[in-house]
Structure formats: structure tokens, C-alpha cells
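Heads up, start12.cif below (mmCIF, C-alpha atoms):
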```cif
data_entry
loop_
_atom_site.label_atom_id
_atom_site.label_comp_id
_atom_site.auth_asym_id
_atom_site.auth_seq_id
_atom_site.Cartn_x
_atom_site.Cartn_y
_atom_site.Cartn_z
CA MET A 49 112.97 109.43 97.73
CA LEU A 50 111.15 107.43 100.39
CA ARG A 51 113.87 108.03 102.98
CA LEU A 52 113.82 111.78 102.31
CA THR A 53 110.04 111.97 102.55
CA VAL A 54 109.96 110.11 105.88
CA LEU A 55 112.87 112.21 107.13
CA SER A 56 111.04 115.45 106.33
CA LEU A 57 108.11 114.30 108.47
CA LEU A 58 110.37 113.26 111.34
CA LEU A 59 112.32 116.50 111.06
CA ALA A 60 109.21 118.65 111.24
CA CYS A 61 107.87 116.68 114.20
CA ALA A 62 111.20 116.93 115.98
CA VAL A 63 111.34 120.71 115.56
CA SER A 64 107.77 121.01 116.83
CA LEU A 65 108.80 119.38 120.09
CA SER A 66 111.35 122.12 120.71
CA SER A 67 110.93 125.82 121.37
CA SER A 68 111.44 126.68 117.70
CA ALA A 69 108.82 129.04 116.25
CA VAL A 70 109.57 128.16 112.64
CA ILE A 71 106.41 126.10 112.11
CA LEU A 72 104.28 127.11 115.08
CA GLU A 73 102.19 130.16 115.95
CA ASP A 74 100.68 130.28 119.43
CA GLY A 75 101.29 126.56 119.74
CA MET A 76 99.47 125.69 116.51
CA PRO A 77 100.70 124.99 112.95
CA ILE A 78 101.65 128.17 111.13
CA LEU A 79 98.65 130.11 109.71
CA TRP A 80 96.26 127.62 111.35
CA ASN A 81 93.96 130.47 112.40
CA GLN A 82 93.49 131.40 108.73
CA THR A 83 92.31 127.94 107.67
CA ASN A 84 88.66 126.94 107.38
CA GLY A 85 87.01 125.01 110.15
CA GLN A 86 83.88 123.98 108.25
CA LEU A 87 83.51 121.77 105.19
CA THR A 88 81.02 124.27 103.79
CA ASP A 89 83.79 126.88 103.67
CA LEU A 90 85.51 124.99 100.86
CA PRO A 91 84.67 125.65 97.20
CA THR A 92 81.87 123.59 95.66
CA ARG A 93 80.66 122.99 92.11
CA ASN A 94 77.41 121.26 91.25
CA GLY A 95 77.17 119.79 94.73
CA VAL A 96 80.76 118.47 94.66
CA ILE A 97 83.30 119.79 97.17
CA THR A 98 86.31 121.06 95.18
CA PRO A 99 89.24 121.98 97.46
CA ASN A 100 92.29 123.60 95.92
CA PRO A 101 95.25 121.65 97.39
CA TRP A 102 97.66 123.96 95.53
CA HIS A 103 96.79 126.76 97.93
CA TYR A 104 98.59 126.40 101.25
CA LEU A 105 95.62 127.40 103.41
CA GLN A 106 93.27 125.01 101.63
CA ARG A 107 95.71 122.12 101.87
CA MET A 108 96.13 122.84 105.58
CA THR A 109 92.33 123.03 105.82
CA LEU A 110 92.18 119.42 104.62
CA TYR A 111 94.19 118.46 107.70
CA ARG A 112 92.10 120.64 110.00
CA LEU A 113 88.88 119.03 108.79
CA MET A 114 90.28 115.50 109.04
CA ILE A 115 91.57 116.14 112.55
CA ALA A 116 88.23 117.57 113.66
CA ALA A 117 86.30 114.68 112.11
CA THR A 118 88.52 111.98 113.59
CA ASP A 119 89.14 113.55 117.00
CA PRO A 120 86.15 111.78 118.64
CA PHE A 121 87.80 108.47 117.73
CA MET A 122 91.29 109.41 118.94
CA GLY A 123 90.78 109.22 122.70
CA CYS A 124 93.22 106.35 123.02
CA MET A 125 96.06 108.51 121.64
CA GLY A 126 96.43 110.52 124.82
CA ALA A 127 95.05 113.29 126.99
CA ASN A 128 96.28 116.17 124.84
CA ALA A 129 94.18 117.44 121.95
CA THR A 130 97.21 117.27 119.64
CA ASP A 131 98.24 113.68 120.40
CA GLY A 132 96.67 112.25 117.23
CA PRO A 133 99.11 111.19 114.48
CA MET A 134 97.71 113.56 111.84
CA TRP A 135 99.10 116.54 113.70
CA GLY A 136 102.53 115.46 112.48
CA LEU A 137 101.42 116.06 108.89
CA THR A 138 100.31 119.62 109.68
CA LEU A 139 103.76 120.32 111.04
CA GLN A 140 105.42 118.84 107.98
CA LEU A 141 103.35 121.08 105.70
CA GLY A 142 104.16 124.15 107.80
CA TRP A 143 107.87 123.32 107.70
CA LEU A 144 107.76 122.84 103.93
CA ARG A 145 106.26 126.30 103.50
CA THR A 146 108.52 128.21 105.88
CA SER A 147 111.62 126.53 104.40
CA GLY A 148 110.62 127.50 100.85
CA ARG A 149 110.20 123.94 99.64
CA LEU A 150 106.72 124.48 98.18
CA ALA A 151 107.81 127.20 95.74
CA ASP A 152 108.27 126.69 92.01
CA PRO A 153 111.80 125.25 91.69
CA THR A 154 111.94 125.89 87.95
CA GLY A 155 111.86 129.66 88.24
CA ALA A 156 109.18 129.81 85.55
CA THR A 157 106.61 131.33 87.94
CA THR A 158 106.54 133.19 91.24
CA CYS A 159 104.41 130.45 92.85
CA GLY A 160 105.33 130.14 96.51
CA LEU A 161 107.97 132.87 96.44
CA LYS A 162 108.07 135.63 99.03
CA THR A 163 107.92 138.08 96.15
CA GLY A 164 105.03 136.27 94.47
CA ASP A 165 101.99 134.26 95.52
CA THR A 166 103.09 133.22 98.99
CA MET A 167 100.19 130.80 99.45
CA CYS A 168 100.82 128.96 96.18
CA ILE A 169 102.09 125.36 96.20
CA SER A 170 103.86 124.54 92.96
CA THR A 171 102.88 121.36 91.13
CA GLN A 172 106.55 121.17 90.12
CA SER A 173 107.80 121.05 93.71
CA TRP A 174 109.00 117.56 94.62
CA TRP A 175 108.23 118.31 98.25
CA GLY A 176 104.76 119.61 97.45
CA CYS A 177 104.11 116.60 95.24
CA GLY A 178 105.12 114.14 97.95
CA ASN A 179 102.99 115.94 100.52
CA TYR A 180 99.99 115.73 98.18
CA PHE A 181 99.97 111.97 98.76
CA VAL A 182 99.61 112.44 102.53
CA SER A 183 97.05 115.26 102.34
CA ALA A 184 94.75 114.90 99.33
CA LEU A 185 94.68 111.09 99.32
CA PRO A 186 93.73 110.65 103.00
CA PHE A 187 91.14 113.42 102.71
CA LEU A 188 89.50 111.68 99.75
CA SER A 189 89.51 108.45 101.74
CA ALA A 190 88.07 110.14 104.85
CA ALA A 191 85.24 111.58 102.74
CA LYS A 192 84.56 108.20 101.15
CA GLN A 193 84.37 106.59 104.59
CA GLY A 194 81.80 109.13 105.76
CA PHE A 195 83.94 111.37 107.95
CA MET A 196 82.91 114.46 105.98
CA GLY A 197 79.21 113.68 106.12
CA ALA A 198 77.01 111.12 104.45
CA GLY A 199 77.39 111.07 100.69
CA ALA A 200 79.98 113.85 100.52
CA GLN A 201 81.54 114.00 97.04
CA VAL A 202 85.02 115.48 96.69
CA GLN A 203 87.16 116.34 93.68
CA MET A 204 90.49 118.09 94.08
CA GLN A 205 91.25 121.05 91.86
CA VAL A 206 94.32 120.85 89.65
CA PRO A 207 95.89 123.60 87.53
CA LYS A 208 95.03 123.56 83.84
CA GLY A 209 97.29 121.30 81.84
CA VAL A 210 98.49 119.27 84.85
CA THR A 211 97.46 115.63 84.49
CA ASP A 212 99.72 113.59 86.75
CA TYR A 213 97.75 114.05 89.99
CA CYS A 214 94.68 111.99 90.87
CA THR A 215 91.71 114.09 91.98
CA THR A 216 88.92 111.77 93.21
CA HIS A 217 88.70 108.68 95.37
CA ALA A 218 87.95 106.53 92.32
CA ASP A 219 90.78 108.09 90.31
CA CYS A 220 93.31 107.70 93.14
CA THR A 221 92.18 104.12 93.81
CA THR A 222 92.77 103.26 90.16
CA ARG A 223 96.22 104.83 90.11
CA TYR A 224 97.36 104.00 93.66
CA PRO A 225 95.26 101.07 94.91
CA ASP A 226 97.57 100.10 97.77
CA ALA A 227 97.74 103.59 99.25
CA MET A 228 94.00 104.17 99.02
CA SER A 229 93.08 100.77 100.42
CA LYS A 230 95.32 101.40 103.41
CA TRP A 231 93.86 104.85 104.07
CA ASP A 232 90.40 103.31 103.80
CA ALA A 233 91.48 100.65 106.32
CA PHE A 234 92.74 103.32 108.70
CA PHE A 235 89.52 105.31 108.67
CA GLN A 236 87.45 102.15 108.94
CA GLY A 237 89.63 101.11 111.88
CA LEU A 238 88.91 104.42 113.59
CA LYS A 239 85.18 103.76 113.41
CA SER A 240 85.46 100.24 114.74
CA SER A 241 87.81 101.28 117.56
CA ASN A 242 84.98 103.03 119.37
CA GLU A 243 83.16 99.73 119.67
CA SER A 244 86.26 97.74 120.60
CA THR A 245 86.64 96.32 124.09
CA LEU A 246 90.45 96.26 123.83
CA PRO A 247 92.49 98.19 126.42
CA GLU A 248 93.29 101.76 125.38
CA ASN A 249 96.98 101.06 124.78
CA GLU A 250 96.11 98.20 122.43
CA LYS A 251 93.63 100.38 120.54
CA LYS A 252 96.33 103.01 120.15
CA ASP A 253 98.83 100.45 118.93
CA SER A 254 96.38 99.08 116.37
CA LEU A 255 95.42 102.52 115.03
CA LEU A 256 99.02 103.66 114.81
CA GLY A 257 99.81 100.50 112.87
CA LEU A 258 97.03 101.20 110.38
CA TYR A 259 98.06 104.84 110.13
CA TRP A 260 101.73 104.06 109.54
CA ALA A 261 100.86 101.48 106.89
CA ALA A 262 98.82 104.13 105.05
CA GLN A 263 101.55 106.74 105.49
CA MET A 264 104.20 104.42 104.06
CA ALA A 265 101.95 103.29 101.19
CA SER A 266 101.46 106.96 100.27
CA ASN A 267 105.21 107.51 100.40
CA TYR A 268 105.77 104.58 98.05
CA ALA A 269 103.04 105.85 95.71
CA ALA A 270 104.74 109.24 95.70
CA ALA A 271 107.56 107.72 93.66
CA THR A 272 105.63 109.25 90.77
CA CYS A 273 107.08 112.56 91.96
CA ASN A 274 110.65 111.45 91.32
CA SER A 275 110.99 113.29 88.01
CA ARG A 276 110.73 116.53 89.99
CA GLN A 277 113.95 115.73 91.85
CA SER A 278 115.83 117.10 88.87
CA HIS A 279 114.79 120.56 90.04
CA LEU A 280 116.43 120.13 93.44
CA SER A 281 119.74 121.81 94.11
CA SER A 282 122.76 119.61 94.66
CA GLU A 283 124.14 119.03 98.13
CA GLU A 284 126.08 122.07 99.31
CA GLU A 285 129.71 121.45 100.22
CA GLY A 286 130.18 121.51 103.94
CA ASP A 287 126.50 120.86 104.69
CA VAL A 288 127.03 118.22 107.34
CA ALA A 289 124.77 118.00 110.38
CA PRO A 290 124.87 119.12 113.11
CA LYS A 291 126.66 122.16 111.66
CA ILE A 292 124.48 123.24 108.73
CA ALA A 293 124.46 127.03 108.92
CA ASP A 294 120.95 127.70 107.60
CA MET A 295 119.22 125.11 109.78
CA SER A 296 118.08 125.59 113.35
CA GLU A 297 119.71 123.77 116.25
CA GLU A 298 116.73 121.43 116.47
CA GLU A 299 116.75 120.66 112.74
CA ASN A 300 120.49 120.05 112.83
CA HIS A 301 120.19 117.68 115.76
CA SER A 302 117.31 115.73 114.25
CA LEU A 303 119.07 115.39 110.90
CA TYR A 304 122.26 114.33 112.66
CA VAL A 305 120.47 111.64 114.66
CA PHE A 306 118.73 110.06 111.67
CA SER A 307 121.83 110.37 109.49
CA TRP A 308 123.76 108.56 112.21
CA ILE A 309 121.15 105.78 112.33
CA HIS A 310 121.29 105.47 108.54
CA THR A 311 125.11 105.33 108.55
CA ILE A 312 125.29 102.73 111.31
CA ASN A 313 122.64 100.61 109.61
CA ASN A 314 124.67 100.65 106.38
CA LEU A 315 127.88 99.76 108.22
CA LEU A 316 126.07 96.84 109.85
CA ALA A 317 124.66 95.67 106.50
CA GLY A 318 121.10 96.51 107.51
CA SER A 319 121.20 94.67 110.81
CA MET A 320 120.08 97.71 112.86
CA VAL A 321 116.79 97.88 110.99
CA ARG A 322 116.36 94.12 111.37
CA ILE A 323 117.04 94.37 115.12
CA TRP A 324 114.57 97.23 115.42
CA LYS A 325 111.84 95.33 113.56
CA SER A 326 112.49 92.27 115.70
CA ALA A 327 112.38 94.34 118.89
CA MET A 328 109.04 95.93 118.00
CA CYS A 329 107.27 92.62 118.52
CA SER A 330 104.56 93.59 121.00
CA VAL A 331 102.39 96.46 122.17
CA GLU A 332 104.68 97.03 125.14
CA THR A 333 107.95 97.05 123.18
CA ARG A 334 106.48 99.39 120.58
CA GLU A 335 105.51 101.79 123.37
CA LYS A 336 109.08 101.69 124.66
CA GLY A 337 110.37 102.18 121.14
CA ARG A 338 108.30 105.34 120.62
CA GLU A 339 109.45 106.74 123.97
CA MET A 340 113.06 106.01 123.13
CA MET A 341 112.86 107.69 119.73
CA GLU A 342 111.40 110.79 121.36
CA GLN A 343 114.27 110.90 123.83
CA LEU A 344 116.81 110.40 121.07
CA VAL A 345 115.40 113.36 119.14
CA GLN A 346 114.59 115.69 122.03
CA GLN A 347 117.62 115.14 124.22
CA PRO A 348 120.98 115.88 122.58
CA ASP A 349 122.77 114.22 125.51
CA PHE A 350 120.90 110.93 125.03
CA ALA A 351 123.75 108.58 124.20
CA LYS A 352 123.47 106.81 120.85
CA GLU A 353 125.23 103.83 122.39
CA THR A 354 122.33 103.65 124.86
CA PHE A 355 119.94 103.54 121.92
CA ILE A 356 121.66 100.47 120.46
CA PHE A 357 121.90 98.80 123.87
CA ILE A 358 118.21 99.33 124.57
CA ILE A 359 116.89 98.02 121.26
CA THR A 360 119.05 94.91 121.46
CA GLY A 361 117.87 94.40 125.02
CA ILE A 362 114.22 94.82 124.04
CA GLY A 363 114.64 92.45 121.15
CA SER A 364 116.08 89.75 123.40
CA ARG A 365 112.81 89.66 125.35
CA CYS A 366 110.65 88.96 122.29
#
```
Show me, as C-alpha cells, the structure contained in the file I just sent.
Amino acid sequence: MLRLTVLSLLLACAVSLSSSAVILEDGMPILWNQTNGQLTDLPTRNGVITPNPWHYLQRMTLYRLMIAATDPFMGCMGANATDGPMWGLTLQLGWLRTSGRLADPTGATTCGLKTGDTMCISTQSWWGCGNYFVSALPFLSAAKQGFMGAGAQVQMQVPKGVTDYCTTHADCTTRYPDAMSKWDAFFQGLKSSNESTLPENEKKDSLLGLYWAAQMASNYAAATCNSRQSHLSSEEEGDVAPKIADMSEEENHSLYVFSWIHTINNLLAGSMVRIWKSAMCSVETREKGREMMEQLVQQPDFAKETFIFIITGIGSRC
């Protein structure tokens, strides 16, 4: 489950770097212009902000508000307004919607179907469940850390009868303490970065480390979604990247690249992952690693043999 969740994020990010229009409109995540830009636009009840994360536009609004609130602290990420890491999550959510992965897989309702409520995110969707852990949980943490205004109280809506989703910071902390503590650490790190005297590349490295730790902790916590995998269709015969008929060229290439890495790592008894971890031993090597992964995904002619040669070469300098 973890590998699939991480892959979906990487796949969405990879497609966004191409010319594909599947998840982008005018250079922004799909339906971005229909989301709310102000916290006051979200539903409230008795002074508590009550977003509905089972509505696509409101879940995307959570990202828009977090991005806006954290943008003043993201200067070290780069010159472009969309260089911050949270933009990757908006692309993942857009990809999940356009690919039909947020719809009710049981067929019991028309939630998320083109012939039904197109904005609905089904609580039974494994993909929607996994994404909840990287949308609702970080938003609750951001609010707790003051990014949504002093004293902002937030409680996520949940459909009647559904009890297996946490809805408040306290609730999520009780159920998923590691994930929430790491999101808290990320948002706290953002605040402290503005006062740091470290060089910009070291600030970026530190923040990306905190962000990735929170992202992975959420992915591990999302194991609670595993029961929903029973609703997923089985692998279709002949669906082998890079020649999957109902995937774009970019999606096929990205899936092929990461499937190749997974296969080689298995053949080498996990040594590729160990080499990679060893190679990512400093700020400089991690910068090179990110650049290399971008090239591997964006450039189909980037030789995979070059990838292995580079990471072993980087690792030898640590």
C-alpha cells in the first residue's frame, strides 16, 4: 500500500512536468479557480471551521489555504511560486479525480461518477482514503500551529455513520501520533526557518527533510485504508508499462521508470535502496539526487545505466 501511495504522488508530479493537460488548467491544478481562497469561505459551526474533505473542491481548498499560509516561509524552495512541496499534493488530488479513483468503487452510490455527483469523494475509495492522510491531517496541524490564524479551531466533516476517519487535531493525534507529530514538526520548522541564518540551500534541505518525514508518516498511518483495497479491480492482463493503452505517454514512462527501479532493487536484494540512502549523505548529494530523479522522469532518453553509475559514484564520495 505504501509503495502504491508514494507512486501515485510521483506519477502525478511527473505528469505535471510534461505538456499533459490531464491535471492542469491554465498551468494550475484542475478546478483550482473554483476553490476558496479565504478561510472564511469554508463552512463554520459554533465558531469552529468545518471543511468537508469529501467534496473535491473543499479538499483542494485545504491545499490552497495551506500553500497561501506557508508561502511566505518557502522562499528557499526556489524562485517560482509553485516550487513548494505541497504543490505536488494538489497535482496528486487532481490526478485522482480525473482518473476516476475518487469515485465509489462499490457501486452502491453515484459518488464521484460522471453520471452522479462529480465533486464527491467516496469514503470507500482507497485512493481517497490515502489522500485524506496528506490533506486533512496536515491542514489540522497547520491550524494548530497557527497558520490559519490565532486560535483557529477546525473539525473535518464526515458522512453520517462513517467512524474510521479522525476529524480534529486531538483526535488525529490520538489515533496517529507519529504522523501528527511530524506534521507539527514541519510547520514549526517553517516558522523557525525565517529566523535561521543557514544558507538557503541548507534551509531547503532541512524543510524538505521535515516534509518528507511527515509525508511518509502519513502514508504509514494510511495503512488503516487497506481494507478498501478489496474494492480495487485486479491487474488487467497486458497492462505493462510503457504500453498501457489507457494511460498517457507521460504516465506510462513514469510508471515504467519506477517499476524498473523496483525490479532492479529486488534483483539486487535491496542494495539499490541501500546505495541510494548511503549516497544521500549531504545537502549537496541530495540536491544532485533530486536533479537526477527529475531527469530520469522527464527525459525518456536518460539512460537507466547512467542512473546507477551516478548514484554509486555519489555514494563513493560520502
Quiz prompt | Evaluate the PyMOL selection byres ((chain A and resi 87) around 12) and report residues as a PyMOL selection string | solution = chain A and resi 83-86+88-92+96-99+106+109-114+116-117+187+191+195-197+200-202
Quiz item: When you draw a straight line from CA of Ala271 (chain A) to CA of Leu72 (chain A), how long is it in Å?
Solution: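 That distance, rounded to one decimal, is 29.1 Å.
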Exercise. Choose the residue, out of A:Pro247, A:Gly164, A:Gly286, A:Pro77, that has the smallest atom-to-atom separation from Met108 (chain A); count all atoms listed in the file.
Key: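 With all atoms listed in the file as the atom set, the closest residue is A:Pro77.
Picture a line from CA of Asn267 (chain A) to CA of Arg149 (chain A); it runs 17.2 Å.
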Quiz item: So which one's closest to Cys220 (chain A), A:Lys251, A:Lys336, A:His103, A:Lys192? Using all atoms listed in the file, please.
Solution: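 Closest residue, counting all atoms listed in the file: A:Lys192.
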Quiz item: Selected by the PyMOL selection byres ((chain A and resi 256) around 12) in the shown coordinates: which residues, as a count of residues only?
Solution: 33
